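Below: the structure, in structure tokens.
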Number of protein chains: 2
Amino acid sequence: MSKDQLDFLIRRIRVGGLDIGAPIAQVRGALEDLHAAIPSPENVSLLTTKLGDVEALESTTPQSFSTRTVLYLHGGAFAFGSVAGYSALSSTLATLAGARGLSINYRLAPEDPFPSAIADAVAAYRALLDKGVSPGEIAIAGDSAGGGLAIAMLISSRDSGLPMPAAAVLLSPWADLALEGESMQTKALEDPSLTERGLRARAEDYLGGADPRTPLASPIHADLTGLPPLLIQVGSAEILLSDATRLAGRAGANGVHTRLEVWPNMIHVFQMYDFMLDEGRAALKAAGQFLCDAFADHEGWKHSNGAALNPAASPS
Amino acid sequence: MSKDQLDFLIRRIRVGGLDIGAPIAQVRGALEDLHAAIPSPENVSLLTTKLGDVEALESTTPQSFSTRTVLYLHGGAFAFGSVAGYSALSSTLATLAGARGLSINYRLAPEDPFPSAIADAVAAYRALLDKGVSPGEIAIAGDSAGGGLAIAMLISSRDSGLPMPAAAVLLSPWADLALEGESMQTKALEDPSLTERGLRARAEDYLGGADPRTPLASPIHADLTGLPPLLIQVGSAEILLSDATRLAGRAGANGVHTRLEVWPNMIHVFQMYDFMLDEGRAALKAAGQFLCDAFADHEGWKHSNGAALNPAASPS
């Protein structure tokens with residue numbers, strides 16, 4: 001446990017944190033400033049690239065398998081965030097999965113509302129496949145709005161006849177733009193990061209008049225049949241807790257291999273603070289191992305003790 | 001995947017299976033006959049013993065740590081089952097956790113209704129503590145009714161001021177005796193093992209007039225604050241699927257470290273068929289590793305690669 005780490009973090013967020021309901025331009029700048037303070041992981045090389053027409057950031061490390069790619073969709077309430085601001089998180093997760101990371105700058109609301117972001121994510125996935133990358137060599141990951149977007153792009157890809165990737169990891173996914181989860185009230189005082197008012201403003205921007213319960217915007221209402229194995233991680237101190245638990249219930253009922261992890265007292269996308277928060281690092285390692293196992297299932301071999309090979313799990 | 005294994009198993013259950021709504025004496029005998037056909041794991045020594053006044057079966061293997069105990073609560077709708085019939089399942093799980101198993105013959109309904117079974121489970125746990133076993137050296141596990149019972153005994157132990165064990169593993173827990181989960185309808189045709197009618201008969205026997213929503217009988221309605229880390233495994237082809245997903249949601253909201261795993265197409269307590277069903281073995285191994293990690297957290301040391309030592313994970 002890391003009570004001191006968590007207390008410090010929550011105080012910092014409460015005092016200097018963002019109001020995601022504030023004017024868009026103001027939040028965008030502040031979020032990039034905050035993220036610039038997050039240290040980059042060591043030994044990661046970053047390269048700006050493109051996936052089809054979508055701008056992307058590729059991360060590699062000496063440990064990356066050339067045959068494993070984590071396609072990452074950053075958070076930011078569909079209105080904020082960039083591949084640069086989330087590069088530490090996306091590249092760390094990819095590294096822990098023994099993979100290269102590919103994070104994309106999908107279009108943001110309100111300039112480009114639903115379903116532009118989904119179209120960009122599907123286009124990036126399709127571009128990877130068109131390059132000859134096997135679907136079993138790809139995993140999808142995302143946090144917050146990027147977690148909901150990851151599910152939406154999987155549904156949309158499935159409905160377009162694209163093959164499914166090896167797995168997906170969702171960190172604190174925002175999966176209900178109608179904000180009807182129980183935790184929206186029960187965790188309101190505990191959550192230092194998000195507010196219902198702020199989320200509602202961003203949902204309106206993103207939806208641009210679409211029904212907030214439309215399945216591709218709020219995948220807790222979608223048919224998730226045929227999706228690949230999912231790992232959903234969430235903190236217990238989040239107003240989005242019920243998004244995660246309802247999404248897991250829905251996925252399981254639809255016959256998807258589903259793992260839900262609820263981390264006590266943890267806050268929205270606590271994995272982003274892995275450099276200073278023990279639970280953030282532990283959760284990211286568990287997510288990395290989940291992806292290693294999924295990749296290994298497609299690679300068709302296993303380590304001698306039955307666990308999937310994890311090139312990042314060297315003695316420390 | 002093991003479609004042939006699963007198809008064979010489902011056909012066998014549908015053709016020769018039990019109707020748990022049938023007369024008690026008939027089901028008890030038939031269940032013991034069925035369980036006698038399950039092969040025992042190798043290298044397991046079984047010893048009849050007592051925990052306080054409660055009859056128990058102890059399983060040990062050459063790999064068992066003397067400082068790890070899995071206290072097992074068998075299934076059987078609170079009316080059937082015995083430590084003998086569930087010895088393969090309970091001893092395999094304990095072995096995969098590097099522990100000895102201690103399974104108890106708690107009192108059954110209708111002869112001894114709610115809360116007799118809970119009193120026996122708490123008494124057994126208290127007897128272990130009274131012998132000087134540290135709570136961090138104990139984990140609780142149970143399947144079906146035994147899974148609900150495991151949660152009830154934890155709540156009851158907490159409320160009696162007893163310290164919490166290291167962790168608990170629940171396989172397809174029956175956690176709602178009012179049978180109000182969505183899966184009670186949506187999975188009725190798919191589930192080859194259980195029926196709403198059968199469960200309702202057994203719930204009435206066990207409750208003996210108590211409110212089916214009373215928290216100790218139906219822990220989806222209980223305050224789960226303070227419980228130890230939980231792993232809940234369930235199949236997607238179960239009418240009890242919603243018991244698992246709602247229990248996980250409740251535990252998470254109460255700040256319990258919670259992991260839910262939904263295994264596609266799997267049936268009620270599929271881990272019992274680990275000797276012939278690949279997913280049963282994979283799920284039991286995951287549960288064993290979960291317990292290893294929890295024990296290791298209390299033992300205060302880690303393997304050099306950051307994973308908890310799993311003495312059962314030898315090269316195979």
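Please note that chains go A, B, ... in the order of the structure tokens, that every chain numbers its residues from 1, and that ligands are numbered from 1 in the order shown.
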
Check: which chain B residues lie within 10 Å of chain A using only C-alpha atoms, as an NGL selection string: :B and (182-183 or 186-187 or 229-238 or 241-242 or 244-246 or 248-266 or 282 or 285 or 303-307 or 312-316)

Would you mind aligning chain B to chain A, a least-squares fit over all C-alpha atoms taken in order, and returning the superposed chain as a short mmCIF file (atom, residue, chain, number, x, y, z; two decimals) with C-alpha atoms, in the first residue's frame?
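Now in part39.cif:
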```
data_model
loop_
_atom_site.label_atom_id
_atom_site.label_comp_id
_atom_site.auth_asym_id
_atom_site.auth_seq_id
_atom_site.Cartn_x
_atom_site.Cartn_y
_atom_site.Cartn_z
CA MET B 1 -0.04 -0.02 -0.01
CA SER B 2 1.06 3.51 -0.63
CA LYS B 3 -1.22 5.72 1.44
CA ASP B 4 1.27 8.59 1.49
CA GLN B 5 1.67 8.48 -2.27
CA LEU B 6 -2.07 8.44 -2.80
CA ASP B 7 -2.80 11.19 -0.27
CA PHE B 8 -0.19 13.43 -1.91
CA LEU B 9 -1.60 12.74 -5.35
CA ILE B 10 -5.22 13.38 -4.36
CA ARG B 11 -4.27 16.64 -2.66
CA ARG B 12 -2.37 17.78 -5.73
CA ILE B 13 -5.31 16.92 -7.98
CA ARG B 14 -7.82 18.65 -5.71
CA VAL B 15 -5.74 21.80 -5.37
CA GLY B 16 -4.24 22.19 -8.81
CA GLY B 17 -6.44 19.94 -10.84
CA LEU B 18 -8.42 20.45 -13.96
CA ASP B 19 -12.08 21.24 -14.22
CA ILE B 20 -12.97 19.35 -17.38
CA GLY B 21 -16.13 21.45 -17.57
CA ALA B 22 -14.08 24.62 -18.10
CA PRO B 23 -13.67 26.23 -21.55
CA ILE B 24 -12.10 23.78 -24.01
CA ALA B 25 -9.04 25.79 -25.02
CA GLN B 26 -8.13 26.44 -21.40
CA VAL B 27 -8.37 22.76 -20.44
CA ARG B 28 -6.43 21.60 -23.47
CA GLY B 29 -3.44 23.77 -22.59
CA ALA B 30 -3.55 22.97 -18.88
CA LEU B 31 -3.76 19.22 -19.53
CA GLU B 32 -0.71 19.27 -21.78
CA ASP B 33 1.18 21.24 -19.12
CA LEU B 34 0.21 18.71 -16.44
CA HIS B 35 1.17 15.76 -18.61
CA ALA B 36 4.51 17.33 -19.51
CA ALA B 37 5.42 16.93 -15.83
CA ILE B 38 5.07 13.15 -16.02
CA PRO B 39 8.52 11.58 -16.44
CA SER B 40 9.15 9.52 -19.54
CA PRO B 41 10.09 5.87 -19.09
CA GLU B 42 13.70 4.97 -19.81
CA ASN B 43 14.92 3.36 -23.00
CA VAL B 44 11.83 4.31 -25.00
CA SER B 45 12.33 5.70 -28.49
CA LEU B 46 9.49 7.83 -29.83
CA LEU B 47 8.84 8.40 -33.53
CA THR B 48 6.11 10.45 -35.17
CA THR B 49 4.44 8.47 -37.94
CA LYS B 50 1.11 7.92 -39.69
CA LEU B 51 -1.43 5.11 -39.77
CA GLY B 52 -3.33 5.76 -42.97
CA ASP B 53 -4.25 9.43 -42.68
CA VAL B 54 -4.12 9.41 -38.88
CA GLU B 55 -1.18 10.98 -37.06
CA ALA B 56 0.49 8.51 -34.73
CA LEU B 57 3.33 8.22 -32.24
CA GLU B 58 5.32 5.00 -32.24
CA SER B 59 7.21 3.88 -29.14
CA THR B 60 9.78 1.11 -29.12
CA THR B 61 12.25 -0.25 -26.59
CA PRO B 62 15.08 -2.76 -26.87
CA GLN B 63 12.65 -5.31 -25.35
CA SER B 64 9.85 -4.80 -27.89
CA PHE B 65 8.92 -7.81 -29.98
CA SER B 66 8.64 -6.76 -33.63
CA THR B 67 5.49 -8.90 -33.79
CA ARG B 68 3.50 -7.19 -31.02
CA THR B 69 1.72 -3.84 -31.38
CA VAL B 70 -0.43 -2.05 -28.80
CA LEU B 71 -2.70 0.48 -30.53
CA TYR B 72 -3.40 3.11 -27.88
CA LEU B 73 -6.35 5.52 -27.65
CA HIS B 74 -5.70 8.31 -25.17
CA GLY B 75 -8.18 9.81 -22.72
CA GLY B 76 -9.42 13.36 -22.38
CA ALA B 77 -13.21 13.27 -22.50
CA PHE B 78 -13.20 13.17 -26.33
CA ALA B 79 -12.15 16.86 -26.29
CA PHE B 80 -8.62 16.98 -24.88
CA GLY B 81 -5.37 15.08 -24.89
CA SER B 82 -2.80 14.06 -27.44
CA VAL B 83 -0.35 11.28 -28.19
CA ALA B 84 2.38 13.48 -26.71
CA GLY B 85 0.64 13.99 -23.38
CA TYR B 86 -0.12 10.30 -22.96
CA SER B 87 3.18 8.98 -24.31
CA ALA B 88 4.51 7.91 -20.91
CA LEU B 89 1.39 5.86 -20.13
CA SER B 90 0.98 4.35 -23.59
CA SER B 91 4.65 3.48 -24.05
CA THR B 92 4.96 2.00 -20.55
CA LEU B 93 1.97 -0.27 -21.11
CA ALA B 94 3.33 -1.35 -24.50
CA THR B 95 6.76 -2.02 -23.01
CA LEU B 96 5.26 -4.14 -20.22
CA ALA B 97 3.49 -6.16 -22.94
CA GLY B 98 6.75 -6.66 -24.84
CA ALA B 99 5.27 -4.62 -27.69
CA ARG B 100 5.76 -1.44 -29.61
CA GLY B 101 3.16 1.21 -28.91
CA LEU B 102 1.22 3.09 -31.55
CA SER B 103 -0.83 5.93 -30.15
CA ILE B 104 -3.07 8.01 -32.42
CA ASN B 105 -4.30 11.59 -32.55
CA TYR B 106 -7.92 10.86 -33.36
CA ARG B 107 -10.12 13.88 -34.07
CA LEU B 108 -11.56 15.68 -31.04
CA ALA B 109 -14.89 17.28 -30.18
CA PRO B 110 -16.45 19.75 -30.40
CA GLU B 111 -14.75 20.46 -33.75
CA ASP B 112 -15.25 16.86 -34.87
CA PRO B 113 -18.05 15.18 -32.93
CA PHE B 114 -19.20 11.53 -32.77
CA PRO B 115 -18.44 9.33 -34.68
CA SER B 116 -15.28 10.99 -36.07
CA ALA B 117 -13.03 9.58 -33.34
CA ILE B 118 -14.33 6.07 -33.98
CA ALA B 119 -13.75 6.42 -37.72
CA ASP B 120 -10.15 7.46 -37.08
CA ALA B 121 -9.52 4.58 -34.69
CA VAL B 122 -10.97 2.05 -37.15
CA ALA B 123 -8.95 3.62 -39.99
CA ALA B 124 -5.75 3.29 -37.96
CA TYR B 125 -6.51 -0.35 -37.17
CA ARG B 126 -7.34 -1.04 -40.81
CA ALA B 127 -4.09 0.62 -41.89
CA LEU B 128 -2.14 -1.71 -39.58
CA LEU B 129 -3.88 -4.75 -41.06
CA ASP B 130 -3.32 -3.41 -44.59
CA LYS B 131 0.41 -3.26 -43.85
CA GLY B 132 0.29 -7.00 -43.29
CA VAL B 133 0.26 -7.00 -39.51
CA SER B 134 -1.67 -10.05 -38.32
CA PRO B 135 -4.70 -9.26 -36.09
CA GLY B 136 -3.31 -11.63 -33.44
CA GLU B 137 -0.23 -9.41 -33.25
CA ILE B 138 -2.32 -6.34 -32.32
CA ALA B 139 -3.93 -5.36 -29.03
CA ILE B 140 -6.07 -2.28 -28.37
CA ALA B 141 -5.76 -0.18 -25.24
CA GLY B 142 -7.20 3.06 -24.01
CA ASP B 143 -8.00 5.08 -20.92
CA SER B 144 -11.12 7.00 -19.94
CA ALA B 145 -12.78 8.28 -23.13
CA GLY B 146 -10.14 6.27 -25.00
CA GLY B 147 -11.40 3.14 -23.21
CA GLY B 148 -14.94 3.70 -24.42
CA LEU B 149 -13.55 4.54 -27.83
CA ALA B 150 -11.59 1.27 -27.87
CA ILE B 151 -14.80 -0.71 -27.39
CA ALA B 152 -16.61 1.38 -30.01
CA MET B 153 -13.83 0.83 -32.56
CA LEU B 154 -13.92 -2.91 -31.89
CA ILE B 155 -17.68 -3.04 -32.42
CA SER B 156 -17.38 -0.94 -35.56
CA SER B 157 -14.50 -3.05 -36.87
CA ARG B 158 -16.43 -6.26 -36.19
CA ASP B 159 -19.48 -4.88 -38.00
CA SER B 160 -17.26 -3.93 -40.96
CA GLY B 161 -16.02 -7.51 -41.20
CA LEU B 162 -12.51 -6.79 -39.93
CA PRO B 163 -10.85 -9.54 -37.87
CA MET B 164 -10.57 -8.99 -34.14
CA PRO B 165 -7.22 -8.21 -32.46
CA ALA B 166 -5.69 -10.40 -29.74
CA ALA B 167 -7.09 -8.48 -26.77
CA ALA B 168 -8.03 -5.10 -25.37
CA VAL B 169 -7.16 -3.30 -22.13
CA LEU B 170 -9.41 -0.53 -20.83
CA LEU B 171 -8.28 1.73 -18.00
CA SER B 172 -11.19 3.49 -16.24
CA PRO B 173 -13.29 3.45 -19.42
CA TRP B 174 -15.99 6.06 -19.97
CA ALA B 175 -18.68 3.82 -21.43
CA ASP B 176 -21.95 5.59 -20.56
CA LEU B 177 -22.36 9.11 -21.91
CA ALA B 178 -25.82 9.31 -20.33
CA LEU B 179 -24.05 9.19 -16.94
CA GLU B 180 -26.60 6.80 -15.45
CA GLY B 181 -24.26 4.71 -13.29
CA GLU B 182 -24.84 4.47 -9.55
CA SER B 183 -21.27 5.61 -8.84
CA MET B 184 -22.02 8.97 -10.49
CA GLN B 185 -23.68 9.82 -7.15
CA THR B 186 -22.14 7.40 -4.65
CA LYS B 187 -18.53 8.32 -5.52
CA ALA B 188 -19.04 12.03 -6.25
CA LEU B 189 -17.39 13.23 -3.04
CA GLU B 190 -14.58 10.70 -3.21
CA ASP B 191 -13.52 11.32 -6.83
CA PRO B 192 -10.91 14.10 -6.99
CA SER B 193 -10.61 14.10 -10.78
CA LEU B 194 -14.01 14.12 -12.46
CA THR B 195 -17.42 15.71 -11.95
CA GLU B 196 -20.79 14.83 -13.40
CA ARG B 197 -21.18 18.43 -14.56
CA GLY B 198 -17.86 18.35 -16.42
CA LEU B 199 -18.57 15.01 -18.04
CA ARG B 200 -22.03 16.16 -19.10
CA ALA B 201 -20.58 19.21 -20.86
CA ARG B 202 -18.07 17.05 -22.74
CA ALA B 203 -20.69 14.40 -23.57
CA GLU B 204 -22.85 17.07 -25.18
CA ASP B 205 -19.91 18.32 -27.24
CA TYR B 206 -19.02 14.83 -28.40
CA LEU B 207 -22.55 13.64 -29.08
CA GLY B 208 -23.46 16.73 -31.11
CA GLY B 209 -27.13 15.91 -30.71
CA ALA B 210 -26.87 12.11 -30.93
CA ASP B 211 -28.75 10.00 -28.36
CA PRO B 212 -26.47 9.56 -25.30
CA ARG B 213 -27.52 5.91 -25.18
CA THR B 214 -26.51 5.17 -28.74
CA PRO B 215 -24.46 1.96 -28.49
CA LEU B 216 -21.34 3.24 -30.30
CA ALA B 217 -21.17 6.25 -27.98
CA SER B 218 -22.20 4.36 -24.82
CA PRO B 219 -21.04 0.76 -25.30
CA ILE B 220 -22.68 -0.46 -22.10
CA HIS B 221 -25.74 -0.54 -24.39
CA ALA B 222 -23.98 -2.33 -27.28
CA ASP B 223 -23.97 -5.96 -28.35
CA LEU B 224 -20.39 -6.97 -27.54
CA THR B 225 -20.58 -10.47 -29.00
CA GLY B 226 -17.39 -11.53 -30.73
CA LEU B 227 -15.08 -9.03 -29.07
CA PRO B 228 -11.62 -10.28 -28.03
CA PRO B 229 -10.58 -10.88 -24.40
CA LEU B 230 -11.00 -7.72 -22.34
CA LEU B 231 -9.24 -6.51 -19.23
CA ILE B 232 -11.00 -3.62 -17.51
CA GLN B 233 -9.24 -1.86 -14.61
CA VAL B 234 -10.90 0.80 -12.49
CA GLY B 235 -10.41 2.50 -9.13
CA SER B 236 -13.02 2.26 -6.39
CA ALA B 237 -12.88 6.07 -5.87
CA GLU B 238 -14.22 6.99 -9.31
CA ILE B 239 -17.57 8.28 -10.48
CA LEU B 240 -16.90 6.07 -13.54
CA LEU B 241 -16.70 2.88 -11.42
CA SER B 242 -20.16 1.77 -12.58
CA ASP B 243 -19.14 2.25 -16.21
CA ALA B 244 -16.47 -0.40 -15.71
CA THR B 245 -18.63 -2.84 -13.75
CA ARG B 246 -21.58 -2.54 -16.14
CA LEU B 247 -19.34 -2.90 -19.18
CA ALA B 248 -17.78 -6.03 -17.67
CA GLY B 249 -21.22 -7.48 -16.93
CA ARG B 250 -22.39 -6.76 -20.44
CA ALA B 251 -19.27 -8.22 -22.06
CA GLY B 252 -19.50 -11.34 -19.92
CA ALA B 253 -23.17 -11.83 -20.71
CA ASN B 254 -22.29 -11.53 -24.40
CA GLY B 255 -19.78 -14.36 -24.05
CA VAL B 256 -16.63 -12.23 -24.14
CA HIS B 257 -13.66 -13.41 -22.10
CA THR B 258 -13.74 -10.64 -19.50
CA ARG B 259 -11.58 -9.71 -16.56
CA LEU B 260 -12.57 -6.82 -14.31
CA GLU B 261 -10.20 -5.49 -11.66
CA VAL B 262 -11.40 -2.96 -9.07
CA TRP B 263 -8.47 -1.36 -7.21
CA PRO B 264 -9.44 -0.05 -3.75
CA ASN B 265 -9.22 3.72 -3.17
CA MET B 266 -7.65 4.28 -6.57
CA ILE B 267 -8.63 7.26 -8.70
CA HIS B 268 -9.37 7.87 -12.35
CA VAL B 269 -6.62 6.40 -14.57
CA PHE B 270 -4.32 5.88 -11.58
CA GLN B 271 -1.99 3.91 -13.86
CA MET B 272 -0.83 7.26 -15.26
CA TYR B 273 0.95 7.88 -11.95
CA ASP B 274 2.88 4.62 -12.04
CA PHE B 275 6.16 6.54 -11.59
CA MET B 276 5.13 7.50 -8.03
CA LEU B 277 2.19 5.25 -7.08
CA ASP B 278 2.86 1.59 -6.29
CA GLU B 279 -0.64 0.49 -7.26
CA GLY B 280 -0.34 2.29 -10.59
CA ARG B 281 2.75 0.30 -11.42
CA ALA B 282 1.24 -2.97 -10.14
CA ALA B 283 -1.88 -2.46 -12.24
CA LEU B 284 0.13 -1.64 -15.37
CA LYS B 285 2.26 -4.74 -14.84
CA ALA B 286 -0.89 -6.86 -14.54
CA ALA B 287 -2.23 -5.27 -17.73
CA GLY B 288 1.08 -5.92 -19.49
CA GLN B 289 1.00 -9.56 -18.43
CA PHE B 290 -2.61 -9.88 -19.63
CA LEU B 291 -1.49 -8.63 -23.06
CA CYS B 292 1.58 -10.90 -23.03
CA ASP B 293 -0.66 -13.89 -22.40
CA ALA B 294 -3.01 -12.86 -25.21
CA PHE B 295 -0.18 -12.30 -27.69
CA ALA B 296 1.39 -15.61 -26.72
CA ASP B 297 -1.89 -17.44 -27.35
CA HIS B 298 -1.66 -16.25 -30.95
CA GLU B 299 2.07 -16.82 -31.21
CA GLY B 300 1.34 -20.45 -30.45
CA TRP B 301 3.91 -21.12 -27.81
CA LYS B 302 4.25 -20.97 -24.06
CA HIS B 303 7.02 -20.61 -21.56
CA SER B 304 8.03 -23.86 -19.90
CA ASN B 305 6.19 -23.03 -16.68
CA GLY B 306 2.93 -22.43 -18.51
CA ALA B 307 3.06 -18.63 -18.22
CA ALA B 308 3.31 -16.54 -21.35
CA LEU B 309 6.75 -15.15 -21.97
CA ASN B 310 7.01 -11.62 -20.67
CA PRO B 311 10.20 -10.04 -21.94
CA ALA B 312 9.70 -7.09 -19.59
CA ALA B 313 9.65 -9.29 -16.47
CA SER B 314 13.40 -9.44 -16.04
CA PRO B 315 14.86 -9.61 -12.52
CA SER B 316 14.66 -6.23 -10.83
#
```

Extract the full set of strand (DSSP E) residues from segment 124-276 of chain B according to DSSP on the backbone, and format it as a PyMOL selection string. chain B and resi 138-143+167-171+230-235+258-263

Go ahead and save the residues from that selection, with C-alpha atoms, as a compact mmCIF listing (two decimals), in the first residue's frame.
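Writing done, so here's part_0.txt:
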```txt
# COMPACT_ATOMS: atom_id res chain seq x y z
CA ILE B 138 -5.38 -18.50 5.45
CA ALA B 139 -7.48 -18.07 2.32
CA ILE B 140 -11.16 -18.91 1.90
CA ALA B 141 -12.57 -20.60 -1.18
CA GLY B 142 -15.90 -22.01 -2.20
CA ASP B 143 -18.07 -22.89 -5.17
CA ALA B 167 -7.90 -13.57 0.20
CA ALA B 168 -10.96 -15.43 -1.02
CA VAL B 169 -11.76 -17.25 -4.27
CA LEU B 170 -15.37 -17.78 -5.31
CA LEU B 171 -16.26 -20.14 -8.16
CA LEU B 230 -11.63 -11.40 -3.90
CA LEU B 231 -11.37 -13.40 -7.10
CA ILE B 232 -14.74 -14.32 -8.60
CA GLN B 233 -14.82 -16.73 -11.56
CA VAL B 234 -17.99 -17.54 -13.48
CA GLY B 235 -19.00 -19.04 -16.82
CA THR B 258 -11.92 -7.33 -6.62
CA ARG B 259 -11.16 -9.39 -9.68
CA LEU B 260 -14.00 -10.81 -11.77
CA GLU B 261 -13.33 -13.30 -14.54
CA VAL B 262 -16.09 -14.32 -16.96
CA TRP B 263 -15.13 -17.41 -18.99
```

Residues of segment 65-292 of chain B classed as alpha helix (DSSP H) by DSSP on the backbone are to be reported as a PyMOL selection string. chain B and resi 87-96+116-130+145-159+183-186+196-207+241-253+278-292
